[in-house]
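Working notes, beginning with the structure itself.
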Amino acid sequence: MVKTEREVVQFQQVDKVFNNEIIALSDFDLSIREGELVCFLGPSGCGKSTALRMVAGLGEATAGSVNVFGNHPKEMIKETNDIAFVFQDANLLPWRTVLDNVLLPLELRGGDKKEHKKEAIRVLEMVGLKDYLKAYPRQLSGGMKMRVSIARALAAKPKLLLMDEPFAALDEITRQTLQMELLDIWQKENMTILFVTHNVYEAVFLSTRIAVMSARPGRLTSLIDIDLPFPRQLSIRTDARFTEYVDLASEKLESGNEGRELV
Ligand SMILES: Nc1ncnc2c1ncn2[C@@H]1O[C@H](COP(=O)(O)OP(=O)(O)OP(=O)(O)O)[C@@H](O)[C@H]1O
């Protein structure tokens, strides 16, 4: 039986060493509260994905612990639908329509098919794809594929959404549109989101809090509360406070990486 603590994610003095030599994370300590949108910001290879994957039960800490709602992530994945993951690649099945791609995880879970279809259509409407239910992935743009991937994650009504550089492969305009849409969804669906990026602007635009990481071995070097109002419009990027946060995050990023190994 899983517990339901309000502390959503807890990293406690986590070390992660691969193949007995690559230290991906060292003494990583962080608590994420319900309703936060936290970005892991750090240079390439600093262990952002490794940290995120551990929250999804993909990989164990070498030392220390990772908990989700007070439970081991693997237990959460096995017993609940509270955690969903969105990767950089949309990972859609080409032979299934948009609707059927979103339905897939619900089908695997079993239950009322009519309810599943209703929920799949609801989330596809939310990401602006209600006119594409019968389309196939090959007929979609990169941004639309990512919207399907997000809808598929939302269909299970997760309490915690994990996103690993989901917009990195998209052009700037599409990326900005999806960032706005994500914030809108986050507010409507009452979720906690953990988002990996190495883009400072993206981190400031999306976050309630930024966790800045140093280059390998990845450590948490600073936490920055982003006190900018929601809903955030694209025009906020020209606001002086936005620029100050970008400067602050860039400075923390640089100072945390002086003399460290950049991969
Ligand atoms: N399964 C693995 N086996 C061995 N080494 C790994 C494995 N997964 C990751 N690593 C190493 O751990 C380090 C951290 O990788 P990780 O992918 O977490 O970094 P990242 O910050 O997400 O990088 P990027 O922004 O480039 O995606 C890297 O040096 C990587 O090569």
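We name chains A, B, ... following the order of the structure tokens; residues begin at 1 in each chain, and ligands are numbered from 1 as shown.
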
Which residues form the shell of 6 Å around ligand 1 when you count only C-alpha atoms and all ligand atoms, given as a ChimeraX atom specification?
-> /A:18,24,44-50

Which residues are close to A:Arg96, i.e. within 10 Å by only C-alpha atoms, leaving aside same-chain residues fewer than 6 positions away? Reply as number ranges by chain.
A: 102-104, 134-137

Atoms to include: N, CA and C atoms. Write the selected residues as a tab-separated table (two decimals), in the first residue's frame.
chain	number	residue	atom	x	y	z
A	102	VAL	N	-2.78	7.66	-27.94
A	102	VAL	CA	-3.09	8.17	-26.60
A	102	VAL	C	-3.82	7.10	-25.78
A	103	LEU	N	-4.62	6.29	-26.50
A	103	LEU	CA	-5.37	5.24	-25.79
A	103	LEU	C	-4.50	4.08	-25.31
A	104	LEU	N	-3.34	3.91	-25.96
A	104	LEU	CA	-2.52	2.72	-25.70
A	104	LEU	C	-2.23	2.46	-24.20
A	134	LYS	N	-7.92	11.05	-36.00
A	134	LYS	CA	-7.74	9.91	-36.91
A	134	LYS	C	-6.47	10.01	-37.76
A	135	ALA	N	-5.68	11.06	-37.52
A	135	ALA	CA	-4.44	11.22	-38.29
A	135	ALA	C	-3.39	10.22	-37.80
A	136	TYR	N	-2.42	9.95	-38.66
A	136	TYR	CA	-1.30	9.08	-38.29
A	136	TYR	C	-0.06	9.94	-38.00
A	137	PRO	N	0.86	9.47	-37.17
A	137	PRO	CA	2.03	10.27	-36.82
A	137	PRO	C	2.75	10.88	-38.02

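Reported to one decimal place, the separation of atom CA of A:Leu41 from atom CA of A:Thr197 is 5.4 Å.
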
**OP:** Compile the contact shell of A:Ser207 as a list in words: residues with an atom at most 6 Å away, counting only C-alpha atoms, same-chain residues fewer than 4 positions apart removed.
**Re:** Leu37, Val38, Cys39 and Ala203 of chain A

Emit the selected residues as a short mmCIF file (atom, residue, chain, number, x, y, z; two decimals), in the first residue's frame, including C-alpha atoms.
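This is the output file again_34.cif:
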data_model
loop_
_atom_site.label_atom_id
_atom_site.label_comp_id
_atom_site.auth_asym_id
_atom_site.auth_seq_id
_atom_site.Cartn_x
_atom_site.Cartn_y
_atom_site.Cartn_z
CA LEU A 37 7.20 23.18 -11.62
CA VAL A 38 10.89 22.59 -11.08
CA CYS A 39 13.45 22.70 -13.89
CA ALA A 203 13.95 27.29 -17.31
#

One residue among A:Met54, A:Ile193, A:Ala169, A:Leu124 is nearest to A:Val8 when using only C-alpha atoms, and that residue is A:Ile193

Q) Using the chain letters and numbers from this document, which residues of stretch 49-210 of chain A does DSSP assign to strand (DSSP E or B), as a VMD selection string? A) chain A and resid 63 to 68 71 83 to 86 160 to 164 192 to 197 209 to 210

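Nearest residue to A:Glu172, choosing from A:Glu202, A:Asp131, A:Glu254, A:Asp225 and counting only C-alpha atoms: A:Glu202.
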
Exercise. Any chance you could list, as a ChimeraX atom specification, the residues in stretch 49-242 of chain A that come up alpha helix (DSSP H) when DSSP is run on the backbone?
Key: /A:49-55,73-79,98-109,113-126,142-154,172-189,200-206,240-242

Taken to one decimal, the atom CA of A:Ala120-atom CA of A:Pro105 distance is 10.4 Å

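Note that atom CA of A:Lys188 and atom CA of A:Thr238 are 25.6 Å apart.
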
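By only C-alpha atoms, and with residues fewer than 4 positions from A:Asp171 along its chain excluded, the set lying at most 10 Å from it is Gly142, Gly143, Phe167, Arg175 and Gln176 of chain A.
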
May I have the selected residues written with C-alpha atoms, as an mmCIF file, in the first residue's frame?
data_model
loop_
_atom_site.group_PDB
_atom_site.id
_atom_site.type_symbol
_atom_site.label_atom_id
_atom_site.label_comp_id
_atom_site.auth_asym_id
_atom_site.auth_seq_id
_atom_site.Cartn_x
_atom_site.Cartn_y
_atom_site.Cartn_z
ATOM 1 C CA GLY A 142 7.270 17.702 -34.843
ATOM 2 C CA GLY A 143 5.321 20.019 -32.537
ATOM 3 C CA PHE A 167 11.009 20.655 -26.697
ATOM 4 C CA ARG A 175 8.975 25.562 -28.583
ATOM 5 C CA GLN A 176 7.590 28.828 -27.208
#
